[in-house]
file target-v4.cif (mmCIF, C-alpha atoms and all ligand atoms)
data_data
loop_
_atom_site.label_atom_id
_atom_site.label_comp_id
_atom_site.auth_asym_id
_atom_site.auth_seq_id
_atom_site.Cartn_x
_atom_site.Cartn_y
_atom_site.Cartn_z
CA MET A 1 -3.18 13.29 22.96
CA ASP A 2 -4.14 11.50 19.74
CA LYS A 3 -2.19 8.43 18.78
CA VAL A 4 0.86 9.19 16.67
CA PHE A 5 1.30 6.60 13.94
CA SER A 6 4.57 5.17 12.79
CA ALA A 7 5.57 2.78 10.03
CA PRO A 8 4.84 -0.87 10.89
CA ARG A 9 7.63 -2.68 12.71
CA GLY A 10 10.43 -3.73 10.39
CA MET A 11 9.09 -1.64 7.52
CA LYS A 12 10.71 1.50 6.23
CA ASP A 13 9.48 4.47 4.26
CA VAL A 14 11.55 5.36 1.23
CA LEU A 15 12.18 9.05 1.80
CA PRO A 16 13.16 11.70 -0.77
CA ASP A 17 16.70 11.68 0.72
CA GLU A 18 17.22 8.23 -0.75
CA GLU A 19 15.59 8.84 -4.07
CA ILE A 20 18.85 9.32 -5.93
CA TYR A 21 19.90 5.77 -4.94
CA TRP A 22 16.58 4.24 -5.96
CA ARG A 23 16.62 6.13 -9.23
CA ASN A 24 20.17 5.03 -10.08
CA LEU A 25 19.40 1.48 -9.20
CA TYR A 26 16.14 1.34 -11.13
CA ARG A 27 17.68 2.91 -14.20
CA ALA A 28 20.69 0.56 -14.12
CA VAL A 29 18.42 -2.47 -13.87
CA GLU A 30 16.07 -1.22 -16.57
CA LYS A 31 18.88 -0.35 -18.98
CA LYS A 32 20.73 -3.62 -18.58
CA CYS A 33 17.56 -5.73 -18.75
CA GLU A 34 16.52 -3.95 -21.92
CA GLY A 35 20.01 -4.55 -23.28
CA PHE A 36 19.40 -8.28 -22.82
CA ASN A 37 15.84 -7.94 -24.22
CA PHE A 38 14.07 -8.89 -20.97
CA LYS A 39 10.48 -7.62 -20.69
CA LYS A 40 9.17 -6.09 -17.50
CA ILE A 41 6.48 -7.88 -15.52
CA GLU A 42 4.54 -6.98 -12.39
CA PRO A 43 2.60 -9.93 -11.00
CA THR A 44 0.01 -9.21 -8.31
CA ILE A 45 1.37 -8.47 -4.84
CA VAL A 46 -1.33 -10.61 -3.26
CA GLU A 47 -1.36 -14.30 -4.17
CA ASN A 48 -3.03 -17.50 -3.07
CA LYS A 49 -1.08 -18.83 -0.09
CA GLU A 50 -1.10 -22.35 -1.51
CA LEU A 51 1.07 -21.15 -4.39
CA PHE A 52 3.93 -20.66 -1.93
CA ASP A 53 3.18 -23.80 0.09
CA ARG A 54 3.65 -25.78 -3.08
CA SER A 55 6.59 -23.94 -4.63
CA VAL A 56 8.77 -22.42 -1.92
CA GLY A 57 7.82 -25.26 0.41
CA LYS A 58 5.73 -25.61 3.57
CA GLU A 59 8.76 -26.41 5.70
CA THR A 60 10.71 -23.26 4.80
CA ASP A 61 10.92 -20.33 7.23
CA ILE A 62 9.54 -18.01 4.59
CA VAL A 63 6.29 -19.94 4.34
CA ASN A 64 6.13 -21.42 7.77
CA LYS A 65 6.90 -18.37 9.89
CA GLU A 66 7.14 -15.22 7.82
CA MET A 67 4.09 -14.96 5.65
CA TYR A 68 1.47 -12.19 6.00
CA GLU A 69 -2.12 -13.19 5.48
CA VAL A 70 -4.45 -10.82 3.62
CA LYS A 71 -8.11 -10.88 4.52
CA ARG A 72 -11.06 -8.55 4.49
CA PHE A 73 -12.36 -7.45 7.86
CA THR A 74 -15.81 -8.53 6.76
CA GLU A 75 -14.79 -11.89 5.32
CA SER A 76 -17.05 -14.81 6.16
CA SER A 77 -15.53 -18.08 7.33
CA GLU A 78 -16.82 -19.82 4.16
CA GLU A 79 -15.08 -17.27 1.97
CA ARG A 80 -11.94 -17.69 3.97
CA ALA A 81 -12.08 -21.45 3.74
CA SER A 82 -12.25 -21.31 -0.05
CA GLU A 83 -9.07 -19.30 -0.51
CA THR A 84 -6.35 -17.90 1.75
CA LEU A 85 -4.58 -14.88 0.34
CA CYS A 86 -1.17 -13.60 1.37
CA LEU A 87 1.34 -10.88 0.59
CA ARG A 88 4.01 -12.44 -1.58
CA PRO A 89 7.26 -13.29 0.25
CA GLU A 90 9.06 -13.82 -3.07
CA ILE A 91 8.09 -13.44 -6.67
CA THR A 92 9.29 -16.43 -8.72
CA ALA A 93 6.20 -18.43 -7.79
CA GLY A 94 4.01 -15.52 -8.96
CA VAL A 95 5.95 -15.14 -12.20
CA VAL A 96 5.47 -18.84 -12.88
CA ARG A 97 1.78 -18.59 -11.97
CA THR A 98 1.23 -15.79 -14.48
CA PHE A 99 3.42 -17.52 -17.07
CA ILE A 100 1.18 -20.58 -16.89
CA GLU A 101 -1.93 -18.41 -16.96
CA ASN A 102 -0.92 -16.05 -19.75
CA MET A 103 2.26 -16.90 -21.64
CA GLN A 104 2.77 -20.61 -21.83
CA SER A 105 1.76 -20.94 -25.48
CA GLU A 106 4.09 -18.17 -26.68
CA ALA A 107 7.42 -18.84 -28.36
CA LEU A 108 10.07 -19.74 -25.80
CA PRO A 109 12.28 -18.64 -24.20
CA ILE A 110 10.49 -15.86 -22.42
CA LYS A 111 12.71 -13.43 -20.51
CA LEU A 112 11.17 -11.33 -17.77
CA TRP A 113 12.37 -8.79 -15.20
CA TYR A 114 10.75 -7.09 -12.22
CA PHE A 115 11.40 -4.47 -9.54
CA SER A 116 8.85 -5.11 -6.85
CA PRO A 117 8.06 -5.19 -3.11
CA MET A 118 8.12 -8.44 -1.08
CA PHE A 119 6.96 -9.11 2.49
CA ARG A 120 8.54 -11.39 5.07
CA ALA A 121 7.95 -11.09 8.81
CA GLU A 122 11.62 -11.62 9.68
CA ARG A 123 13.33 -10.28 12.79
CA PRO A 124 14.12 -6.72 11.72
CA GLN A 125 17.78 -5.71 11.54
CA ALA A 126 20.07 -3.81 9.18
CA GLY A 127 19.49 -5.11 5.66
CA ARG A 128 16.62 -7.31 6.81
CA LEU A 129 13.21 -5.70 6.53
CA ARG A 130 9.64 -6.90 6.57
CA GLN A 131 8.80 -4.99 3.42
CA PHE A 132 11.65 -4.85 0.94
CA TYR A 133 12.15 -4.52 -2.78
CA GLN A 134 13.77 -7.01 -5.06
CA PHE A 135 14.71 -6.73 -8.66
CA GLY A 136 15.39 -9.82 -10.63
CA PHE A 137 14.94 -11.79 -13.79
CA GLU A 138 13.61 -15.11 -14.98
CA ILE A 139 14.31 -17.00 -18.21
CA LEU A 140 11.55 -19.51 -18.94
CA GLY A 141 12.00 -22.18 -21.58
CA ASP A 142 15.78 -22.45 -21.86
CA GLU A 143 17.46 -25.51 -20.41
CA THR A 144 20.97 -24.74 -21.60
CA PRO A 145 23.75 -23.96 -19.12
CA MET A 146 24.42 -20.83 -21.19
CA ALA A 147 21.20 -19.35 -19.82
CA ASP A 148 22.55 -19.78 -16.26
CA ALA A 149 25.85 -18.15 -17.18
CA LEU A 150 24.15 -15.27 -19.03
CA LEU A 151 21.83 -14.61 -16.10
CA ILE A 152 24.81 -14.33 -13.78
CA TYR A 153 26.45 -12.10 -16.37
CA LEU A 154 23.39 -9.81 -16.44
CA SER A 155 23.52 -9.66 -12.62
CA THR A 156 27.20 -8.71 -12.51
CA GLN A 157 26.66 -6.18 -15.29
CA ILE A 158 24.06 -4.38 -13.17
CA LEU A 159 26.24 -4.48 -10.08
CA GLU A 160 29.14 -3.15 -12.13
CA LYS A 161 26.99 -0.26 -13.34
CA LEU A 162 26.24 0.52 -9.70
CA GLY A 163 29.95 0.66 -8.93
CA LEU A 164 30.03 -2.57 -6.92
CA LYS A 165 31.84 -4.92 -9.24
CA LYS A 166 35.36 -4.84 -7.80
CA SER A 167 34.48 -6.45 -4.50
CA LEU A 168 31.96 -9.02 -5.71
CA ILE A 169 32.16 -12.73 -5.08
CA VAL A 170 30.02 -15.12 -7.09
CA GLU A 171 29.47 -18.35 -5.14
CA ILE A 172 28.11 -21.25 -7.08
CA ASN A 173 27.09 -24.88 -6.61
CA SER A 174 24.96 -27.54 -8.24
CA ILE A 175 22.33 -29.35 -6.19
CA GLY A 176 21.38 -31.82 -8.92
CA CYS A 177 18.19 -32.81 -10.67
CA GLU A 178 15.40 -35.23 -9.73
CA SER A 179 17.52 -38.20 -10.79
CA CYS A 180 20.61 -37.40 -8.67
CA ARG A 181 18.81 -35.73 -5.75
CA PRO A 182 17.85 -39.06 -4.10
CA LYS A 183 21.51 -40.10 -4.09
CA ILE A 184 22.61 -36.71 -2.73
CA SER A 185 20.01 -36.93 0.04
CA LYS A 186 20.86 -40.54 0.86
CA ASN A 187 24.58 -39.82 1.24
CA LEU A 188 23.85 -36.74 3.28
CA ILE A 189 21.39 -38.46 5.62
CA LYS A 190 23.85 -41.31 6.14
CA TYR A 191 26.50 -38.83 7.20
CA LEU A 192 24.20 -36.63 9.30
CA GLN A 193 22.77 -39.60 11.22
CA LYS A 194 26.23 -40.10 12.72
CA TYR A 195 26.18 -36.57 14.15
CA ARG A 196 22.49 -36.35 14.92
CA LYS A 197 23.13 -35.37 18.53
CA ASN A 198 25.10 -32.30 17.44
CA LEU A 199 22.34 -30.97 15.21
CA CYS A 200 19.84 -28.36 16.37
CA PRO A 201 16.26 -29.65 16.91
CA THR A 202 15.11 -28.08 13.62
CA CYS A 203 17.87 -29.85 11.69
CA GLN A 204 17.05 -33.12 13.43
CA ASP A 205 13.56 -32.73 11.97
CA ARG A 206 15.03 -31.70 8.64
CA LEU A 207 16.69 -35.09 8.44
CA LYS A 208 13.22 -36.41 7.76
CA THR A 209 11.66 -33.50 5.86
CA ASN A 210 14.45 -31.91 3.83
CA PRO A 211 18.02 -32.85 4.73
CA MET A 212 19.51 -30.48 2.13
CA ARG A 213 18.43 -27.57 4.27
CA VAL A 214 20.93 -28.58 6.97
CA TYR A 215 23.62 -27.26 4.63
CA ASP A 216 22.60 -23.64 5.22
CA CYS A 217 21.52 -23.84 8.86
CA LYS A 218 22.84 -20.84 10.76
CA VAL A 219 23.37 -22.70 14.06
CA LEU A 220 27.08 -23.05 14.82
CA THR A 221 27.06 -26.73 15.80
CA CYS A 222 25.17 -27.62 12.61
CA GLN A 223 27.65 -25.61 10.57
CA GLN A 224 30.50 -27.55 12.18
CA VAL A 225 28.83 -30.85 11.30
CA ILE A 226 28.18 -29.78 7.72
CA LEU A 227 31.80 -28.75 7.18
CA GLU A 228 32.80 -32.37 6.63
CA ALA A 229 29.56 -33.51 4.98
CA PRO A 230 29.54 -35.10 1.51
CA GLN A 231 29.31 -32.44 -1.16
CA THR A 232 26.36 -32.29 -3.53
CA MET A 233 28.80 -32.02 -6.43
CA ASP A 234 30.24 -35.49 -5.68
CA SER A 235 26.88 -37.21 -6.22
CA LEU A 236 25.71 -35.46 -9.39
CA CYS A 237 24.51 -37.59 -12.30
CA GLY A 238 26.42 -37.42 -15.59
CA GLY A 239 24.02 -34.87 -17.11
CA CYS A 240 24.19 -32.52 -14.14
CA GLN A 241 27.99 -32.80 -14.02
CA THR A 242 28.27 -31.85 -17.71
CA ASP A 243 25.82 -29.00 -17.36
CA PHE A 244 27.55 -27.63 -14.29
CA ARG A 245 30.90 -27.76 -16.06
CA LYS A 246 29.37 -25.84 -18.97
CA VAL A 247 27.97 -23.17 -16.62
CA LEU A 248 31.45 -22.70 -15.16
CA GLU A 249 33.03 -22.59 -18.63
CA GLY A 250 30.43 -20.00 -19.62
CA LEU A 251 31.40 -17.87 -16.63
CA GLU A 252 35.06 -18.19 -17.58
CA ASP A 253 34.28 -17.10 -21.16
CA LEU A 254 32.41 -14.14 -19.72
CA GLU A 255 35.41 -13.38 -17.47
CA ILE A 256 33.37 -13.74 -14.30
CA LYS A 257 35.36 -14.98 -11.33
CA TYR A 258 33.53 -17.49 -9.14
CA ASP A 259 34.05 -19.55 -6.00
CA LEU A 260 32.67 -23.06 -5.74
CA ASN A 261 30.70 -23.28 -2.51
CA PRO A 262 29.73 -26.89 -1.83
CA ARG A 263 27.50 -25.83 1.06
CA LEU A 264 25.36 -23.45 -0.96
CA VAL A 265 21.83 -24.85 -1.41
CA ARG A 266 19.56 -21.77 -0.97
CA GLY A 267 16.51 -21.86 1.20
CA LEU A 268 13.70 -22.67 -1.20
CA ASP A 269 12.39 -26.05 -2.31
CA TYR A 270 12.04 -25.39 -6.01
CA TYR A 271 15.69 -25.12 -6.97
CA THR A 272 17.44 -27.73 -9.15
CA LYS A 273 20.97 -27.90 -10.59
CA THR A 274 22.76 -24.52 -10.54
CA VAL A 275 22.38 -22.33 -7.46
CA PHE A 276 24.38 -19.17 -6.87
CA GLU A 277 24.71 -16.16 -4.61
CA ILE A 278 26.51 -12.90 -5.12
CA LYS A 279 28.12 -11.31 -2.07
CA ASP A 280 30.39 -8.46 -1.27
CA GLU A 281 33.82 -9.59 -0.08
CA GLU A 282 33.30 -7.72 3.22
CA ASP A 283 30.22 -9.84 3.97
CA LEU A 284 31.62 -13.29 3.31
CA ASN A 285 31.11 -14.47 6.85
CA ARG A 286 27.73 -12.85 7.23
CA GLN A 287 24.47 -14.35 6.03
CA SER A 288 23.84 -11.39 3.84
CA ALA A 289 24.07 -12.01 0.13
CA LEU A 290 23.25 -9.13 -2.17
CA GLY A 291 21.31 -11.56 -4.28
CA GLY A 292 21.09 -15.05 -5.59
CA GLY A 293 19.21 -17.46 -7.73
CA GLY A 294 19.30 -20.70 -9.57
CA ARG A 295 17.54 -23.16 -11.84
CA TYR A 296 14.02 -24.39 -11.21
CA ASP A 297 13.39 -26.84 -14.01
CA ASN A 298 10.40 -28.56 -12.38
CA LEU A 299 8.47 -25.64 -10.94
CA VAL A 300 6.28 -24.80 -13.94
CA GLU A 301 5.13 -28.40 -14.25
CA PHE A 302 4.76 -28.70 -10.50
CA LEU A 303 2.38 -25.74 -10.50
CA GLY A 304 0.25 -27.28 -13.23
CA GLY A 305 1.92 -25.98 -16.39
CA VAL A 306 3.68 -27.68 -19.27
CA LYS A 307 7.19 -28.77 -18.23
CA THR A 308 9.37 -25.72 -18.87
CA PRO A 309 12.97 -25.45 -17.67
CA ALA A 310 13.77 -22.09 -16.11
CA VAL A 311 16.40 -20.09 -14.28
CA GLY A 312 16.16 -16.89 -12.25
CA ALA A 313 17.87 -14.51 -9.84
CA ALA A 314 16.79 -11.86 -7.33
CA PHE A 315 18.61 -8.99 -5.61
CA GLY A 316 17.66 -6.94 -2.57
CA VAL A 317 17.32 -3.24 -3.37
CA GLU A 318 17.67 -1.92 0.19
CA ARG A 319 20.69 -4.14 0.77
CA LEU A 320 22.37 -2.86 -2.38
CA ILE A 321 21.68 0.72 -1.36
CA LEU A 322 23.25 0.06 2.06
CA LYS A 323 26.28 -1.34 0.28
CA MET A 324 26.52 1.65 -2.06
CA LYS A 325 26.41 3.97 0.95
CA GLU A 326 28.97 1.91 2.85
CA LYS A 327 31.31 2.19 -0.10
CA ASN A 328 30.64 5.90 -0.64
CA ILE A 329 29.75 5.30 -4.24
CA ASN A 330 29.16 8.52 -6.11
CA VAL A 331 25.52 8.50 -7.15
CA GLY A 332 25.36 12.05 -8.48
CA GLU A 333 22.56 14.43 -7.59
CA LEU A 334 18.89 14.78 -8.33
CA PRO A 335 18.12 17.46 -10.91
CA LYS A 336 17.60 20.93 -9.40
CA PRO A 337 15.16 23.59 -10.56
CA LYS A 338 16.65 26.14 -12.90
CA VAL A 339 14.61 29.03 -11.53
CA PHE A 340 13.08 29.85 -8.16
CA VAL A 341 10.27 32.37 -8.41
CA VAL A 342 10.10 34.85 -5.51
CA ALA A 343 7.23 37.29 -5.04
CA ILE A 344 6.52 39.89 -2.36
CA GLY A 345 2.92 40.96 -1.81
CA GLU A 346 -0.46 39.96 -3.13
CA LYS A 347 -0.18 41.49 -6.60
CA ALA A 348 3.32 40.14 -7.15
CA LYS A 349 2.20 36.64 -6.22
CA LYS A 350 -0.51 36.85 -8.85
CA ASN A 351 2.11 37.81 -11.42
CA ALA A 352 4.31 35.00 -10.15
CA ILE A 353 1.67 32.51 -11.25
CA THR A 354 1.78 33.96 -14.77
CA LEU A 355 5.58 33.81 -14.69
CA ILE A 356 5.51 30.15 -13.58
CA LYS A 357 3.15 29.32 -16.45
CA PHE A 358 5.53 31.07 -18.84
CA LEU A 359 8.54 29.08 -17.51
CA VAL A 360 6.66 25.79 -17.71
CA GLU A 361 5.74 26.50 -21.31
CA LYS A 362 9.40 27.20 -22.07
CA ASN A 363 10.37 23.89 -20.43
CA ILE A 364 12.39 25.66 -17.76
CA SER A 365 12.22 23.80 -14.44
CA GLN A 366 11.03 26.01 -11.62
CA ASP A 367 10.04 26.08 -7.97
CA SER A 368 8.56 28.64 -5.58
CA ALA A 369 7.36 29.04 -2.00
CA LEU A 370 4.56 31.55 -2.46
CA GLY A 371 3.10 30.69 0.94
CA ARG A 372 6.05 32.50 2.50
CA GLU A 373 5.91 36.26 2.86
CA SER A 374 9.34 37.86 3.25
CA LEU A 375 12.04 38.13 0.62
CA LYS A 376 14.52 36.64 3.03
CA SER A 377 12.57 33.48 3.76
CA GLN A 378 11.77 32.91 0.08
CA LEU A 379 15.42 33.37 -0.88
CA LYS A 380 16.35 30.88 1.83
CA MET A 381 14.07 28.34 0.17
CA ALA A 382 15.59 29.24 -3.20
CA ASP A 383 19.05 28.41 -1.84
CA LYS A 384 17.81 25.18 -0.36
CA SER A 385 16.28 24.15 -3.67
CA GLY A 386 19.65 24.48 -5.39
CA ALA A 387 18.15 26.65 -8.17
CA LYS A 388 20.66 28.51 -10.27
CA TYR A 389 18.50 31.63 -10.63
CA ALA A 390 15.90 33.46 -8.62
CA MET A 391 13.32 35.55 -10.49
CA ILE A 392 12.09 38.16 -8.03
CA ILE A 393 8.94 40.27 -8.26
CA GLY A 394 8.51 42.97 -5.57
CA GLN A 395 6.33 46.13 -5.24
CA LYS A 396 8.73 48.17 -7.33
CA GLU A 397 8.90 45.59 -10.11
CA ILE A 398 5.10 45.52 -10.32
CA LEU A 399 5.07 49.27 -10.94
CA ASP A 400 7.97 49.11 -13.43
CA GLY A 401 6.78 46.02 -15.29
CA THR A 402 10.09 44.29 -14.53
CA ILE A 403 11.51 41.18 -12.88
CA ILE A 404 14.84 40.84 -11.11
CA LEU A 405 16.91 37.94 -12.37
CA ARG A 406 19.46 36.95 -9.74
CA ASN A 407 22.18 34.42 -10.44
CA LEU A 408 22.29 32.63 -7.08
CA GLU A 409 25.62 30.97 -7.79
CA VAL A 410 27.56 34.18 -8.32
CA GLY A 411 25.23 36.61 -6.54
CA ARG A 412 24.92 38.97 -9.51
CA GLN A 413 21.59 40.36 -10.66
CA GLU A 414 19.98 42.22 -13.56
CA THR A 415 16.57 43.54 -14.48
CA LEU A 416 14.34 41.89 -17.07
CA ASP A 417 11.43 43.55 -18.82
CA TRP A 418 8.10 41.68 -18.82
CA LYS A 419 7.48 42.84 -22.38
CA LYS A 420 10.81 41.47 -23.60
CA LEU A 421 10.70 38.31 -21.51
CA GLU A 422 10.26 36.06 -24.52
CA LYS A 423 13.70 37.12 -25.76
CA GLN A 424 15.45 37.74 -22.44
CA ILE A 425 14.57 34.36 -20.95
CA LYS A 426 17.12 32.77 -23.28
CA LYS A 427 19.75 33.83 -20.73
CA VAL A 428 18.26 31.32 -18.34
CA ALA A 429 17.40 28.43 -20.62
P1 LIG B 1 16.40 -14.71 -1.35
O1 LIG B 1 15.68 -15.12 -2.58
O2 LIG B 1 15.67 -14.96 -0.10
O3 LIG B 1 17.82 -15.21 -1.31
O4 LIG B 1 16.53 -13.13 -1.46
C1 LIG B 1 17.27 -12.52 -2.46
C2 LIG B 1 17.82 -11.22 -1.96
O5 LIG B 1 16.76 -10.39 -1.47
C3 LIG B 1 18.76 -11.36 -0.79
O6 LIG B 1 20.06 -11.65 -1.21
C4 LIG B 1 18.67 -9.99 -0.16
O7 LIG B 1 19.48 -9.06 -0.85
C5 LIG B 1 17.23 -9.62 -0.38
N1 LIG B 1 16.42 -9.94 0.83
C6 LIG B 1 15.93 -11.13 1.21
N2 LIG B 1 15.25 -11.01 2.37
C7 LIG B 1 15.31 -9.71 2.72
C8 LIG B 1 14.79 -8.94 3.81
N3 LIG B 1 14.05 -9.48 4.77
N4 LIG B 1 15.07 -7.63 3.86
C9 LIG B 1 15.80 -7.03 2.88
N5 LIG B 1 16.31 -7.70 1.83
C10 LIG B 1 16.07 -9.02 1.73
#
call {"tool": "encode", "arguments": {"input": "target-v4.cif", "output": "structure tokens", "more": "lines below"}}
Ligand code: AMP
result
Amino acid sequence: MDKVFSAPRGMKDVLPDEEIYWRNLYRAVEKKCEGFNFKKIEPTIVENKELFDRSVGKETDIVNKEMYEVKRFTESSEERASETLCLRPEITAGVVRTFIENMQSEALPIKLWYFSPMFRAERPQAGRLRQFYQFGFEILGDETPMADALLIYLSTQILEKLGLKKSLIVEINSIGCESCRPKISKNLIKYLQKYRKNLCPTCQDRLKTNPMRVYDCKVLTCQQVILEAPQTMDSLCGGCQTDFRKVLEGLEDLEIKYDLNPRLVRGLDYYTKTVFEIKDEEDLNRQSALGGGGRYDNLVEFLGGVKTPAVGAAFGVERLILKMKEKNINVGELPKPKVFVVAIGEKAKKNAITLIKFLVEKNISQDSALGRESLKSQLKMADKSGAKYAMIIGQKEILDGTIILRNLEVGRQETLDWKKLEKQIKKVA
């Protein structure tokens, strides 16, 4: 037997069954982003791997373990040596790359949104896929704490539109800027050294490479150690303290409830100052935020651009859809065809084509299954389609120049005259 193919491990097809969720989600994001005057952007899916080494960080799991390389089967080793391409594991680095390339000289701030696929070779499980979609937003060129608060507001507005607002928890922290980060790290390392033995091997290494990452290690013993660790908030410089206070005041003015989470640092290297995650209250103890984000004031400069403060957030589409299903949120239905055209026999099928053309020209949605022969099987398809009416052409109707119009909801039917169709079709429209 020939090989039967299936979707790659950890990747999932989006089937028509789920379309109503995707459509609701996309429309909610689009509407709210437009309401805040964000412009849509779609950076390339494939990027230079170095972009992520330098922004997300070489030591992160995303870059270190989960990245997919993209190469041509016929690529020479010289070509490969000059540039390594990869599927993007996240999009902020790409947005910044295209900002530097194309938008840097425009008036700031620039506000962008996206709805795009990402790729991470994680261990597949519910809500954790190897190809997944994120939507999100970036504000480039605004250093004020109001931008942070407004971005969180936009996020909660979208989640509210999806029916998820009631159970949301916004967790927030500040991890400081380049001037307070050394102090934060020093205090942390001093504390962690005392408990070195209790840390997992990775965190023992992190003491040297990036001690902040110990805060969100998933290993239980590390979590126990971190419980008593100095909090980033205690070592913030004056500027970061003021800014963080203003972000929180902004949230209060916007009537957004938040929880301070001193252990929240987020996994990527580029964050500065505000970091946040939005979770559902049922998932508080699970590592499964619906989304998150933060400030990245140094990233543009770090990637070769003019220093531009920025803040962004990203949400997982599949994870939100799971949540909407879990909560039985009413997502409505996809539109159904108004008319299902049924035809019995060769001649009738030919007339059916003319009838379909007529309906299309009248802007009446229609469907048919002309590959099926019997009346019964075509009517079965009509029922399945959810059409309100069937328009039936059989042998008799061909001879009479008529069409049967059956109201499938009430089961009543009447006869229409081809010659008067122009007028009679108003009953359907
Ligand atoms: P991150 O920037 O890694 O925090 O990702 C932001 C959001 O994207 C998360 O809160 C999830 O909702 C979603 N996400 C991240 N990784 C995955 C994955 N492997 N599968 C599905 N969704 C994901």
call {"tool": "closest_residue", "arguments": {"input": "target-v4.cif", "among": "A:Ile100, A:Leu268, A:Ala81, A:Leu207", "to": "ligand LIG 1 (chain B)", "atoms": "only C-alpha atoms and all ligand atoms"}}
result
A:Leu268
call {"tool": "closest_residue", "arguments": {"input": "target-v4.cif", "among": "A:Leu421, A:Val214, A:Ala93, A:Leu399", "to": "Asn298 of chain A", "atoms": "all atoms listed in the file"}}
result
A:Ala93
call {"tool": "residues_around", "arguments": {"input": "target-v4.cif", "residues": "Val29 of chain A", "least_positions_apart": "3", "cutoff": "9 Å", "atoms": "only C-alpha atoms", "output": "list in words"}}
result
Asn24, Leu25, Tyr26, Lys32, Cys33, Glu34, Trp113, Phe115, Phe135, Gly136, Ser155, Ile158, Leu159 and Lys161 of chain A
call {"tool": "closest_residue", "arguments": {"input": "target-v4.cif", "among": "A:Lys39, A:Arg295, A:Arg128, A:Lys419", "to": "Arg9 of chain A", "atoms": "all atoms listed in the file"}}
result
A:Arg128
call {"tool": "residues_near_ligand", "arguments": {"input": "target-v4.cif", "ligand": "ligand LIG 1 (chain B)", "cutoff": "8 Å", "atoms": "all atoms listed in the file", "output": "number ranges by chain"}}
result
A: 90, 119-122, 124, 127-134, 266-268, 277-278, 288-293, 313-320
call {"tool": "closest_residue", "arguments": {"input": "target-v4.cif", "among": "A:Gly239, A:Gly332, A:Gly176, A:Pro262", "to": "Tyr215 of chain A", "atoms": "all atoms listed in the file"}}
result
A:Pro262
call {"tool": "closest_residue", "arguments": {"input": "target-v4.cif", "among": "A:Pro8, A:Gly163, A:Pro43, A:Pro211", "to": "Met324 of chain A", "atoms": "all atoms listed in the file"}}
result
A:Gly163
call {"tool": "atom_distance", "arguments": {"input": "target-v4.cif", "atom1": "atom CA of Leu112 of chain A", "atom2": "atom CA of Phe52 of chain A"}}
result
19.8 Å
call {"tool": "atom_distance", "arguments": {"input": "target-v4.cif", "atom1": "atom CA of Cys203 of chain A", "atom2": "atom CA of Ala229 of chain A"}}
result
14.0 Å
call {"tool": "residues_around", "arguments": {"input": "target-v4.cif", "residues": "Cys86 of chain A", "least_positions_apart": "2", "cutoff": "9 Å", "atoms": "all atoms listed in the file", "output": "PyMOL selection string"}}
result
chain A and resi 45-49+67-71+84+88-89
call {"tool": "closest_residue", "arguments": {"input": "target-v4.cif", "among": "A:Ala382, A:Leu236, A:Leu140, A:Cys200", "to": "Gln224 of chain A", "atoms": "all atoms listed in the file"}}
result
A:Cys200
call {"tool": "residues_around", "arguments": {"input": "target-v4.cif", "residues": "Gln378 of chain A", "least_positions_apart": "4", "cutoff": "10 Å", "atoms": "only C-alpha atoms", "output": "number ranges by chain"}}
result
A: 340-344, 368-374, 382-384, 390, 392
call {"tool": "residues_around", "arguments": {"input": "target-v4.cif", "residues": "Glu282 of chain A", "least_positions_apart": "4", "cutoff": "12 Å", "atoms": "all atoms listed in the file", "output": "PyMOL selection string"}}
result
chain A and resi 164+166-169+278+286-290+323+326-327
call {"tool": "axis_aligned_box", "arguments": {"input": "target-v4.cif", "around": "segment 230-239 of chain A", "padding_each_side": "5 Å", "output": "lines of an AutoDock Vina configuration file"}}
result
center_x = 27.1
center_y = -34.8
center_z = -7.8
size_x = 16.2
size_y = 15.6
size_z = 28.6
call {"tool": "residues_around", "arguments": {"input": "target-v4.cif", "residues": "Glu138 of chain A", "least_positions_apart": "4", "cutoff": "6 Å", "atoms": "all atoms listed in the file", "output": "JSON, numbers by chain"}}
result
{"A": [111, 112, 311, 312]}
call {"tool": "atom_distance", "arguments": {"input": "target-v4.cif", "atom1": "atom CA of Glu249 of chain A", "atom2": "atom CA of Met233 of chain A"}}
result
16.0 Å
